[in-house]
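Q: Below is the file run_6.cif, with mmCIF, C-alpha atoms and all ligand atoms.
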data_model
#
loop_
_atom_site.label_atom_id
_atom_site.label_comp_id
_atom_site.auth_asym_id
_atom_site.auth_seq_id
_atom_site.Cartn_x
_atom_site.Cartn_y
_atom_site.Cartn_z
CA MET H 1089 21.68 -31.51 -23.23
CA SER H 1090 19.06 -30.82 -25.89
CA ALA H 1091 16.50 -32.86 -23.85
CA GLY H 1092 17.31 -30.61 -20.87
CA VAL H 1093 16.76 -27.49 -22.96
CA ASN H 1094 13.44 -28.91 -24.18
CA ILE H 1095 12.28 -29.66 -20.64
CA ALA H 1096 13.27 -26.15 -19.54
CA SER H 1097 11.50 -24.53 -22.46
CA LYS H 1098 8.35 -26.59 -21.86
CA GLU H 1099 8.41 -25.53 -18.23
CA THR H 1100 8.86 -21.91 -19.28
CA GLN H 1101 6.03 -22.23 -21.79
CA ARG H 1102 3.73 -23.69 -19.11
CA GLU H 1103 4.68 -20.88 -16.73
CA ALA H 1104 3.99 -18.29 -19.45
CA GLU H 1105 0.54 -19.84 -19.93
CA ARG H 1106 -0.06 -19.69 -16.17
CA LEU H 1107 0.98 -16.03 -16.17
CA PHE H 1108 -1.24 -15.24 -19.12
CA LYS H 1109 -4.25 -16.76 -17.34
CA ILE H 1110 -3.55 -14.40 -14.43
CA LEU H 1111 -2.49 -11.28 -16.28
CA GLY H 1112 -4.27 -11.53 -19.63
CA GLY H 1113 -7.26 -9.41 -18.59
CA LEU H 1114 -5.23 -6.78 -16.73
CA THR H 1115 -3.90 -3.43 -17.93
CA ASP H 1116 -0.16 -2.96 -18.31
CA PHE H 1117 -0.14 0.72 -17.40
CA LYS H 1118 3.40 1.17 -18.72
CA LYS H 1119 2.11 0.43 -22.23
CA GLY H 1120 -1.56 1.29 -21.89
CA THR H 1121 -2.55 -2.12 -23.29
CA LYS H 1122 -3.49 -5.46 -21.73
CA TYR H 1123 -0.66 -7.80 -20.72
CA ASP H 1124 0.12 -10.05 -23.68
CA MET H 1125 1.73 -13.44 -24.22
CA ALA H 1126 5.03 -11.85 -25.24
CA PHE H 1127 5.23 -10.20 -21.81
CA CYS H 1128 4.35 -13.49 -20.10
CA LEU H 1129 7.00 -15.39 -22.08
CA SER H 1130 9.63 -12.82 -21.10
CA ALA H 1131 8.61 -12.96 -17.42
CA ALA H 1132 8.18 -16.74 -17.12
CA SER H 1133 11.79 -17.74 -16.44
CA ILE H 1134 12.04 -15.02 -13.78
CA THR H 1135 8.83 -15.96 -11.95
CA LEU H 1136 9.87 -19.64 -12.03
CA GLU H 1137 13.22 -18.77 -10.49
CA ILE H 1138 11.66 -16.49 -7.86
CA ASN H 1139 9.18 -19.18 -6.82
CA ARG H 1140 11.97 -21.78 -6.69
CA LEU H 1141 14.29 -19.56 -4.63
CA LYS H 1142 11.53 -18.72 -2.15
CA LYS H 1143 11.30 -22.39 -1.17
CA GLN H 1144 15.04 -22.90 -1.17
CA LYS H 1145 15.69 -19.89 1.06
CA ASN H 1146 12.61 -20.21 3.27
CA ALA H 1147 11.44 -16.79 2.15
CA VAL H 1148 8.07 -15.19 1.67
CA ILE H 1149 6.98 -12.26 -0.52
CA LEU H 1150 4.58 -9.64 0.80
CA ALA H 1151 3.24 -7.28 -1.86
CA HIS H 1152 1.29 -4.09 -1.43
CA TYR H 1153 -1.66 -3.81 -3.81
CA TYR H 1154 0.08 -0.88 -5.54
CA SER H 1155 2.81 -3.21 -6.81
CA ALA H 1156 2.54 -4.34 -10.43
CA PRO H 1157 0.25 -7.37 -10.94
CA ASP H 1158 3.06 -9.66 -12.13
CA ILE H 1159 4.35 -9.31 -8.55
CA VAL H 1160 1.00 -9.26 -6.74
CA TYR H 1161 -0.51 -12.29 -8.48
CA ALA H 1162 2.42 -14.28 -9.89
CA VAL H 1163 5.01 -14.40 -7.09
CA ALA H 1164 3.60 -12.83 -3.89
CA ASP H 1165 2.52 -15.12 -1.07
CA TYR H 1166 0.50 -12.39 0.61
CA ARG H 1167 -1.03 -9.25 -0.87
CA GLY H 1168 -2.89 -6.47 0.82
CA ASP H 1169 -3.07 -2.85 1.89
CA SER H 1170 -0.83 -1.48 4.65
CA TYR H 1171 -3.18 -2.71 7.38
CA ALA H 1172 -3.53 -6.26 6.06
CA LEU H 1173 0.20 -6.54 5.40
CA SER H 1174 1.14 -5.28 8.85
CA LYS H 1175 -1.09 -8.00 10.36
CA THR H 1176 0.40 -10.59 8.01
CA ALA H 1177 3.95 -9.56 8.87
CA ALA H 1178 3.28 -10.49 12.50
CA LYS H 1179 2.38 -14.07 11.54
CA VAL H 1180 4.99 -14.91 8.93
CA MET H 1181 6.93 -18.08 9.82
CA GLU H 1182 9.58 -17.96 7.08
CA ASN H 1183 13.01 -16.54 7.94
CA ILE H 1184 13.13 -13.98 5.14
CA ILE H 1185 10.52 -11.41 4.11
CA ILE H 1186 10.84 -9.78 0.70
CA PHE H 1187 8.62 -6.71 0.79
CA SER H 1188 7.31 -5.26 -2.45
CA GLY H 1189 6.38 -1.80 -1.26
CA VAL H 1190 8.04 1.36 -0.04
CA TYR H 1191 10.44 1.80 2.86
CA PHE H 1192 8.01 2.55 5.68
CA MET H 1193 6.07 -0.66 4.87
CA ALA H 1194 9.16 -2.89 4.97
CA GLU H 1195 10.33 -1.07 8.09
CA THR H 1196 6.96 -1.74 9.75
CA ALA H 1197 7.27 -5.46 8.89
CA LYS H 1198 10.74 -5.51 10.47
CA ILE H 1199 9.50 -3.74 13.61
CA ILE H 1200 6.59 -6.16 13.98
CA ASN H 1201 8.70 -9.23 13.36
CA PRO H 1202 12.26 -8.26 14.38
CA ARG H 1203 13.73 -11.76 14.24
CA LYS H 1204 13.05 -12.00 10.51
CA ARG H 1205 15.34 -10.59 7.87
CA VAL H 1206 13.37 -8.08 5.77
CA PHE H 1207 14.48 -6.94 2.31
CA LEU H 1208 13.11 -4.13 0.19
CA PRO H 1209 13.94 -4.86 -3.49
CA ALA H 1210 13.35 -1.20 -4.41
CA VAL H 1211 16.14 -0.04 -2.11
CA PHE H 1212 15.06 2.99 -0.01
CA ALA H 1213 11.89 3.55 -2.04
CA GLY H 1214 10.36 6.59 -0.38
CA CYS H 1215 6.91 7.99 0.23
CA SER H 1216 6.01 11.69 0.14
CA LEU H 1217 3.94 11.27 3.30
CA ALA H 1218 6.51 9.38 5.34
CA ASP H 1219 9.16 11.90 4.28
CA SER H 1220 7.05 14.94 5.23
CA ILE H 1221 7.75 15.14 8.96
CA SER H 1222 10.64 14.31 11.28
CA ALA H 1223 10.77 13.00 14.84
CA ALA H 1224 12.26 16.36 15.96
CA GLN H 1225 9.20 18.17 14.61
CA VAL H 1226 6.90 15.77 16.46
CA LYS H 1227 8.80 16.48 19.69
CA GLU H 1228 8.20 20.21 19.17
CA LEU H 1229 4.49 19.57 18.61
CA ARG H 1230 4.37 17.56 21.84
CA VAL H 1231 5.45 20.68 23.71
CA LYS H 1232 2.80 22.77 21.93
CA TYR H 1233 -0.05 20.26 22.44
CA PRO H 1234 0.70 18.56 25.77
CA LEU H 1235 -2.84 17.22 26.22
CA ALA H 1236 -3.29 15.81 22.75
CA ASP H 1237 -3.36 12.20 21.67
CA PHE H 1238 -0.68 11.91 18.97
CA ILE H 1239 -1.95 9.67 16.21
CA CYS H 1240 0.24 8.88 13.24
CA TYR H 1241 -0.64 7.31 9.95
CA ILE H 1242 1.28 4.12 9.19
CA ASN H 1243 2.88 6.09 6.33
CA SER H 1244 5.52 7.49 8.68
CA THR H 1245 9.07 6.63 9.71
CA ALA H 1246 9.87 4.44 12.72
CA GLU H 1247 11.28 7.52 14.49
CA VAL H 1248 8.02 9.44 14.01
CA LYS H 1249 5.92 6.46 15.10
CA ALA H 1250 8.08 6.20 18.21
CA GLU H 1251 7.14 9.78 19.19
CA CYS H 1252 3.39 9.08 18.80
CA ASP H 1253 0.82 7.35 20.99
CA VAL H 1254 -0.81 5.17 18.39
CA CYS H 1255 -0.43 4.34 14.74
CA VAL H 1256 -3.37 3.98 12.31
CA THR H 1257 -4.05 2.95 8.75
CA SER H 1258 -6.76 4.26 6.45
CA ALA H 1259 -8.77 1.14 7.37
CA ASN H 1260 -9.03 1.91 11.09
CA VAL H 1261 -8.27 5.63 11.44
CA TYR H 1262 -11.84 6.83 12.10
CA ASP H 1263 -12.57 4.25 14.79
CA ILE H 1264 -9.27 4.89 16.56
CA VAL H 1265 -9.72 8.68 16.53
CA ALA H 1266 -13.35 8.28 17.64
CA GLY H 1267 -12.28 5.99 20.47
CA SER H 1268 -9.53 8.29 21.76
CA LYS H 1269 -10.10 9.60 25.28
CA ALA H 1270 -8.44 12.92 24.39
CA LYS H 1271 -10.39 15.88 23.06
CA GLN H 1272 -7.35 17.15 21.15
CA ILE H 1273 -5.85 14.97 18.44
CA VAL H 1274 -2.64 15.72 16.61
CA PHE H 1275 -2.81 13.70 13.41
CA LEU H 1276 0.38 13.16 11.37
CA PRO H 1277 1.51 13.31 8.60
CA ASP H 1278 -1.41 13.45 6.09
CA VAL H 1279 -3.13 16.83 6.20
CA PHE H 1280 -5.80 15.75 3.69
CA MET H 1281 -6.70 12.68 5.69
CA ALA H 1282 -6.94 14.91 8.76
CA ASP H 1283 -9.57 17.02 6.93
CA ASN H 1284 -11.51 13.82 6.25
CA ILE H 1285 -11.22 12.81 9.92
CA ARG H 1286 -12.72 16.17 11.01
CA VAL H 1287 -15.71 15.64 8.74
CA GLU H 1288 -16.19 12.04 9.85
CA MET H 1289 -16.10 13.01 13.55
CA LEU H 1290 -18.73 15.69 12.91
CA LYS H 1291 -20.88 13.08 11.12
CA ARG H 1292 -20.55 10.77 14.11
CA GLY H 1293 -21.39 13.61 16.50
CA ILE H 1294 -18.01 13.29 18.22
CA ASP H 1295 -16.43 16.48 19.53
CA LYS H 1296 -12.70 16.50 18.73
CA GLU H 1297 -10.18 19.17 17.88
CA ILE H 1298 -7.99 17.78 15.11
CA PHE H 1299 -4.63 19.40 14.41
CA SER H 1300 -2.63 18.21 11.43
CA PHE H 1301 0.97 18.57 10.30
CA GLY H 1302 3.06 17.00 7.59
CA GLY H 1303 2.29 16.65 3.92
CA THR H 1304 0.25 14.83 1.33
CA CYS H 1305 0.47 11.74 -0.85
CA CYS H 1306 1.97 12.88 -4.16
CA VAL H 1307 -0.34 10.50 -6.03
CA HIS H 1308 -3.70 11.26 -4.39
CA ASP H 1309 -3.08 14.99 -3.89
CA LYS H 1310 -3.09 15.56 -7.68
CA TYR H 1311 -6.86 15.17 -7.97
CA ALA H 1312 -9.03 18.29 -7.86
CA ALA H 1313 -12.80 18.73 -7.56
CA GLN H 1314 -13.02 19.74 -11.23
CA ASP H 1315 -11.49 16.36 -12.17
CA VAL H 1316 -14.41 14.61 -10.51
CA ASN H 1317 -16.88 16.81 -12.40
CA ALA H 1318 -15.08 16.10 -15.69
CA ILE H 1319 -15.08 12.36 -14.96
CA ARG H 1320 -18.81 12.44 -14.20
CA SER H 1321 -19.51 14.17 -17.54
CA LYS H 1322 -17.34 11.71 -19.46
CA TYR H 1323 -18.49 8.56 -17.66
CA PRO H 1324 -22.03 9.30 -16.41
CA GLN H 1325 -22.69 5.64 -15.53
CA ALA H 1326 -19.53 5.27 -13.45
CA LYS H 1327 -19.35 5.20 -9.68
CA VAL H 1328 -16.56 7.55 -8.65
CA VAL H 1329 -14.36 6.16 -5.90
CA CYS H 1330 -11.39 7.67 -4.05
CA HIS H 1331 -9.00 7.25 -1.13
CA PRO H 1332 -9.13 9.59 1.90
CA GLU H 1333 -5.61 10.77 1.01
CA CYS H 1334 -7.42 12.88 -1.63
CA ALA H 1335 -8.38 16.47 -0.78
CA LEU H 1336 -11.69 16.95 1.04
CA PRO H 1337 -13.52 18.68 -1.89
CA VAL H 1338 -12.64 15.66 -4.06
CA CYS H 1339 -13.82 13.17 -1.44
CA GLN H 1340 -17.07 15.07 -0.96
CA LEU H 1341 -17.94 14.65 -4.65
CA CYS H 1342 -17.27 10.90 -4.78
CA ASP H 1343 -19.73 8.03 -4.39
CA TYR H 1344 -17.39 6.14 -2.10
CA VAL H 1345 -14.31 7.13 -0.09
CA GLY H 1346 -12.30 4.46 1.66
CA SER H 1347 -9.08 2.63 2.35
CA THR H 1348 -7.52 0.50 -0.36
CA GLY H 1349 -9.16 -2.60 1.11
CA GLY H 1350 -12.42 -0.67 1.48
CA MET H 1351 -12.41 0.43 -2.17
CA LEU H 1352 -11.83 -3.15 -3.31
CA LYS H 1353 -14.76 -4.34 -1.20
CA TYR H 1354 -17.01 -1.55 -2.48
CA VAL H 1355 -16.29 -2.44 -6.13
CA ARG H 1356 -16.64 -6.18 -5.45
CA GLU H 1357 -20.03 -5.78 -3.79
CA SER H 1358 -21.49 -3.02 -5.98
CA SER H 1359 -23.98 -3.89 -8.70
CA ALA H 1360 -22.63 -1.00 -10.85
CA ARG H 1361 -20.68 -1.98 -13.97
CA GLN H 1362 -18.27 0.95 -14.31
CA PHE H 1363 -15.95 2.56 -11.75
CA ALA H 1364 -13.70 5.59 -12.02
CA VAL H 1365 -11.13 5.10 -9.27
CA LEU H 1366 -9.02 8.07 -8.14
CA SER H 1367 -6.09 6.16 -6.76
CA GLU H 1368 -2.93 4.28 -7.74
CA ASP H 1369 -2.78 2.08 -10.88
CA GLY H 1370 -2.08 -1.08 -8.89
CA ILE H 1371 -5.49 -0.98 -7.23
CA ILE H 1372 -7.11 -0.91 -10.66
CA ASN H 1373 -5.23 -4.10 -11.57
CA CYS H 1374 -6.59 -5.73 -8.40
CA MET H 1375 -10.11 -4.58 -9.31
CA GLU H 1376 -9.71 -5.89 -12.86
CA TYR H 1377 -8.48 -9.20 -11.47
CA GLU H 1378 -11.38 -9.56 -9.05
CA ASN H 1379 -14.08 -8.18 -11.35
CA PRO H 1380 -13.36 -9.22 -14.93
CA SER H 1381 -16.80 -8.16 -16.16
CA LYS H 1382 -16.62 -4.61 -14.71
CA GLN H 1383 -15.08 -1.60 -16.44
CA PHE H 1384 -12.43 0.76 -15.12
CA PRO H 1385 -11.85 3.77 -17.39
CA ARG H 1386 -8.40 5.04 -16.55
CA VAL H 1387 -8.33 7.93 -14.12
CA SER H 1388 -5.68 6.37 -11.86
CA ARG H 1389 -2.11 7.59 -11.38
CA THR H 1390 1.25 5.92 -10.90
CA CYS H 1391 3.25 5.96 -7.67
CA ALA H 1392 6.75 5.94 -9.11
CA GLN H 1393 8.26 4.77 -5.84
CA MET H 1394 5.96 1.75 -5.54
CA LYS H 1395 6.68 0.89 -9.14
CA ARG H 1396 10.40 0.72 -8.45
CA ASN H 1397 9.69 -2.85 -7.32
CA ASN H 1398 9.87 -5.29 -10.22
CA LEU H 1399 10.48 -8.97 -10.91
CA HIS H 1400 14.17 -8.31 -11.63
CA ASN H 1401 14.99 -6.63 -8.33
CA ILE H 1402 12.85 -9.13 -6.41
CA LEU H 1403 14.87 -11.94 -7.98
CA ALA H 1404 18.12 -10.13 -7.17
CA ALA H 1405 17.04 -9.56 -3.57
CA LEU H 1406 16.15 -13.24 -3.12
CA ARG H 1407 19.27 -14.49 -4.83
CA ASN H 1408 21.84 -12.24 -3.18
CA LEU H 1409 20.14 -10.96 0.02
CA PRO H 1410 22.05 -7.70 -0.58
CA HIS H 1411 23.18 -5.65 2.36
CA GLU H 1412 21.82 -2.40 0.88
CA ALA H 1413 18.31 -3.88 0.49
CA GLU H 1414 18.09 -5.24 4.04
CA VAL H 1415 15.97 -3.15 6.40
CA LYS H 1416 17.57 -2.26 9.73
CA VAL H 1417 15.83 -0.25 12.41
CA GLU H 1418 17.69 1.33 15.28
CA ASP H 1419 16.64 -0.29 18.62
CA ALA H 1420 15.12 2.74 20.37
CA ALA H 1421 13.06 3.73 17.32
CA ALA H 1422 11.95 0.12 16.78
CA LYS H 1423 10.87 -0.23 20.42
CA GLY H 1424 8.92 3.05 20.42
CA ALA H 1425 7.34 2.39 17.03
CA LYS H 1426 6.33 -1.13 18.10
CA LYS H 1427 4.43 0.36 21.04
CA ALA H 1428 2.45 2.65 18.70
CA ILE H 1429 1.76 -0.23 16.28
CA ASP H 1430 0.69 -2.58 19.11
CA LYS H 1431 -1.65 0.14 20.36
CA MET H 1432 -3.21 0.19 16.89
CA PHE H 1433 -3.93 -3.53 17.10
CA GLU H 1434 -5.31 -3.08 20.67
CA ARG H 1435 -7.47 -0.06 19.85
CA GLY H 1436 -8.49 -0.77 16.31
CA ALA H 1437 -8.00 -4.34 15.13
S1 LIG R 1501 0.87 6.14 -3.23
FE1 LIG R 1501 1.25 7.94 -1.94
S2 LIG R 1501 1.09 7.20 0.16
FE2 LIG R 1501 1.37 5.38 -1.18
S3 LIG R 1501 3.59 5.07 -1.22
FE3 LIG R 1501 3.10 6.35 -3.01
S4 LIG R 1501 3.42 8.45 -2.22
FE4 LIG R 1501 3.28 7.14 -0.41
#
For the structure just supplied, provide its representation as structure tokens.
A:
Amino acid sequence: MSAGVNIASKETQREAERLFKILGGLTDFKKGTKYDMAFCLSAASITLEINRLKKQKNAVILAHYYSAPDIVYAVADYRGDSYALSKTAAKVMENIIIFSGVYFMAETAKIINPRKRVFLPAVFAGCSLADSISAAQVKELRVKYPLADFICYINSTAEVKAECDVCVTSANVYDIVAGSKAKQIVFLPDVFMADNIRVEMLKRGIDKEIFSFGGTCCVHDKYAAQDVNAIRSKYPQAKVVCHPECALPVCQLCDYVGSTGGMLKYVRESSARQFAVLSEDGIINCMEYENPSKQFPRVSRTCAQMKRNNLHNILAALRNLPHEAEVKVEDAAAKGAKKAIDKMFERGA
């Protein structure tokens, strides 16, 4: 018995050391300090059990970059932004997908790969964008703009996707709008991203009328132009980077504006040493992980819904496959949404 305990504790110790190698240089935004060995020791038995159960249950974990790094780098099999994860979801061979993200992401994985069982550990985690417009409102807009191409951001419900012609992510939105045969575009549901689309089409010399309805991301919409000016005064060496879910005046003051994957690439390839990133905390952890010698003064914010995913509820989801965490999509909505998602891969992938 005592030998068994020793073996277990050695295994836990080794796992804690593995975790510390991964997490040691990253910021624990809950505490405002770097992850320490005490955290790794407390997480080790859980990550061991998650990684063991994944094999036993033929399951795979997909984690959005905005998840905490103990998920993204210690237990996830695939990590990415919405675009990368939607492509990954199509290829997954395992029977069970555990999705560390918010509801529309897990729902998209289920729509793309309907024969798999998909679980969202943070049950019904929402998104201010996806919740900002309903399918009934889209139907009304269809009547008002009968000639328009209806383009919806992936941050939308299956029912809204089903009412639209094509779905996009921040990685392919400009090319898909530019390639649309229609002059009129109704873009849903991010009104700030629609402003950015208008500007990008003008830059490309493409004549489009862009109409937008819906809401904003409650993380990115908090930044104002004066924040960028204050950041530039405080960190004059820093490159200022943001996501196109930020308001247009913010984007216009930044050195780089791009999708989550785009921002990571920009930081990776830039010769600058310091970056002020106006986005979600999780992306900073990914940047810290990829660029240990670069600096990231904190200007990021927390998406509370994304951060509802944690090692404990991932373990519970894997262990119990709970009914309330399993994603179900009604057939008609799934079929319609799949068409819009497939169109995205045809037009933009
Ligand atoms: S960061 Fe914004 S867009 Fe992403 S899940 Fe949170 S609220 Fe939605």
Q: The centre and edge lengths of an axis-aligned box containing all atoms of ligand LIG 1501 (chain R) present in the file, extended by 8 Å on each side, are to be given in Å to one decimal, as lines of an AutoDock Vina configuration file.
A:
center_x = 2.2
center_y = 6.8
center_z = -1.5
size_x = 18.7
size_y = 19.4
size_z = 19.4
Q: How many Å lie between atom CA of H:Gly1168 and atom CA of H:His1152, rounded to one decimal?
A: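 Distance reported for this atom pair: 5.3 Å.
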Q: Calculated over only C-alpha atoms and all ligand atoms, which of the candidates H:Pro1380, H:Pro1332, H:Pro1157, H:Gly1346 has the smallest distance to ligand LIG 1501 (chain R)?
A: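 Smallest separation from ligand LIG 1501 (chain R) among the options: H:Pro1332.
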Q: So, with all atoms listed in the file as the atoms that count, which of H:Ile1110, H:Ile1429, H:Val1226, H:Val1190 lies closest to ligand LIG 1501 (chain R)?
A: H:Val1190
Q: Please indicate the distance in Å from atom CA of H:Ser1188 to atom CA of H:Gly1303, rounded to one decimal place.
A: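 We find that atom CA of H:Ser1188 and atom CA of H:Gly1303 lie 23.4 Å from each other.
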Q: Do you know which residues are within 9 Å of ligand LIG 1501 (chain R) using all atoms listed in the file? Can you write them as a short mmCIF file (atom, residue, chain, number, x, y, z; two decimals) with C-alpha atoms, in the frame of the given file?
A:
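Below is the file that was written, result-v8.cif:
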data_model
loop_
_atom_site.label_atom_id
_atom_site.label_comp_id
_atom_site.auth_asym_id
_atom_site.auth_seq_id
_atom_site.Cartn_x
_atom_site.Cartn_y
_atom_site.Cartn_z
CA TYR H 1154 0.08 -0.88 -5.54
CA GLY H 1189 6.38 -1.80 -1.26
CA VAL H 1190 8.04 1.36 -0.04
CA TYR H 1191 10.44 1.80 2.86
CA PHE H 1192 8.01 2.55 5.68
CA MET H 1193 6.07 -0.66 4.87
CA ALA H 1213 11.89 3.55 -2.04
CA GLY H 1214 10.36 6.59 -0.38
CA CYS H 1215 6.91 7.99 0.23
CA SER H 1216 6.01 11.69 0.14
CA LEU H 1217 3.94 11.27 3.30
CA ALA H 1218 6.51 9.38 5.34
CA ASP H 1219 9.16 11.90 4.28
CA ASN H 1243 2.88 6.09 6.33
CA ASP H 1278 -1.41 13.45 6.09
CA THR H 1304 0.25 14.83 1.33
CA CYS H 1305 0.47 11.74 -0.85
CA CYS H 1306 1.97 12.88 -4.16
CA VAL H 1307 -0.34 10.50 -6.03
CA HIS H 1308 -3.70 11.26 -4.39
CA ASP H 1309 -3.08 14.99 -3.89
CA GLU H 1333 -5.61 10.77 1.01
CA SER H 1367 -6.09 6.16 -6.76
CA GLU H 1368 -2.93 4.28 -7.74
CA ARG H 1389 -2.11 7.59 -11.38
CA THR H 1390 1.25 5.92 -10.90
CA CYS H 1391 3.25 5.96 -7.67
CA ALA H 1392 6.75 5.94 -9.11
CA GLN H 1393 8.26 4.77 -5.84
CA MET H 1394 5.96 1.75 -5.54
CA LYS H 1395 6.68 0.89 -9.14
#
Q: Rank nothing, just name the residue among H:Val1163, H:Val1279, H:Ala1259, H:Val1148 nearest to H:Ile1134, using all atoms listed in the file.
A: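 Under the stated criterion, the closest residue is H:Val1163.
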Q: Can you measure atom CA of H:Lys1232 to atom CA of H:Ser1258 for me? One decimal in Å is fine.
A: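 Spanning atom CA of H:Lys1232 to atom CA of H:Ser1258 is a straight-line distance of 26.0 Å.
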Q: Would you please work out which residue, of H:Pro1277, H:Pro1385, H:Pro1209, H:Pro1324, is nearest to H:Glu1414 when using all atoms listed in the file?
A: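 Looking only at the distances to H:Glu1414, the closest residue turns out to be H:Pro1209.
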Q: Rank H:Ile1242, H:Leu1136, H:Ile1294, H:Gln1144 by their smallest atom-to-atom distance to H:Asp1263, using only C-alpha atoms, and report the top residue only.
A: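 For H:Asp1263, the nearest of the given residues is H:Ile1294.
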Q: When you count all atoms listed in the file, which of these residues is closest to H:Val1256: H:Cys1342, H:Ala1223, H:Ala1335, H:Ala1172?
A: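 Distance minimum relative to H:Val1256 lands on H:Ala1172.
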Q: Name the residues in contact with H:Ala1413 at a cut-off of 9 Å, using only C-alpha atoms, excluding same-chain residues fewer than 6 positions from it; report them as a PDB file with C-alpha atoms, keeping the file's coordinate frame.
A:
ATOM      1  CA  VAL H1206      13.370  -8.080   5.770  1.00  0.00           C
ATOM      2  CA  PHE H1207      14.480  -6.940   2.310  1.00  0.00           C
ATOM      3  CA  LEU H1208      13.110  -4.130   0.190  1.00  0.00           C
ATOM      4  CA  PRO H1209      13.940  -4.860  -3.490  1.00  0.00           C
ATOM      5  CA  ALA H1210      13.350  -1.200  -4.410  1.00  0.00           C
ATOM      6  CA  VAL H1211      16.140  -0.040  -2.110  1.00  0.00           C
ATOM      7  CA  PHE H1212      15.060   2.990  -0.010  1.00  0.00           C
ATOM      8  CA  ALA H1405      17.040  -9.560  -3.570  1.00  0.00           C
TER       9      ALA H1405
END
Q: Could you give me, as a short mmCIF file (atom, residue, chain, number, x, y, z; two decimals) with C-alpha atoms, in the frame of the given file, the residues that sit within 12 Å of (-7.7, 10.4, 24.5) in the file's coordinates, counting all atoms listed in the file?
A:
data_model
loop_
_atom_site.label_atom_id
_atom_site.label_comp_id
_atom_site.auth_asym_id
_atom_site.auth_seq_id
_atom_site.Cartn_x
_atom_site.Cartn_y
_atom_site.Cartn_z
CA PRO H 1234 0.70 18.56 25.77
CA LEU H 1235 -2.84 17.22 26.22
CA ALA H 1236 -3.29 15.81 22.75
CA ASP H 1237 -3.36 12.20 21.67
CA PHE H 1238 -0.68 11.91 18.97
CA ILE H 1239 -1.95 9.67 16.21
CA ASP H 1253 0.82 7.35 20.99
CA VAL H 1254 -0.81 5.17 18.39
CA ILE H 1264 -9.27 4.89 16.56
CA VAL H 1265 -9.72 8.68 16.53
CA ALA H 1266 -13.35 8.28 17.64
CA GLY H 1267 -12.28 5.99 20.47
CA SER H 1268 -9.53 8.29 21.76
CA LYS H 1269 -10.10 9.60 25.28
CA ALA H 1270 -8.44 12.92 24.39
CA LYS H 1271 -10.39 15.88 23.06
CA GLN H 1272 -7.35 17.15 21.15
CA ILE H 1273 -5.85 14.97 18.44
CA VAL H 1274 -2.64 15.72 16.61
CA ASP H 1295 -16.43 16.48 19.53
CA LYS H 1296 -12.70 16.50 18.73
CA GLU H 1297 -10.18 19.17 17.88
CA ILE H 1298 -7.99 17.78 15.11
CA ARG H 1435 -7.47 -0.06 19.85
#
Q: Please provide as a ChimeraX atom specification all residues within 12 Å of H:Val1328, with the sequence filter that same-chain residues fewer than 2 positions apart are discarded (counting all atoms listed in the file).
A: /H:1313,1315-1326,1330-1331,1338-1346,1351,1354-1355,1358,1360-1367,1384-1388
Q: Any idea what's packed within 7 Å of H:Asn1201, counting only C-alpha atoms, ignoring anything in its chain fewer than 4 positions away? Could you give it as an MDAnalysis selection string?
A: chainID H and resid 1177:1178 1197
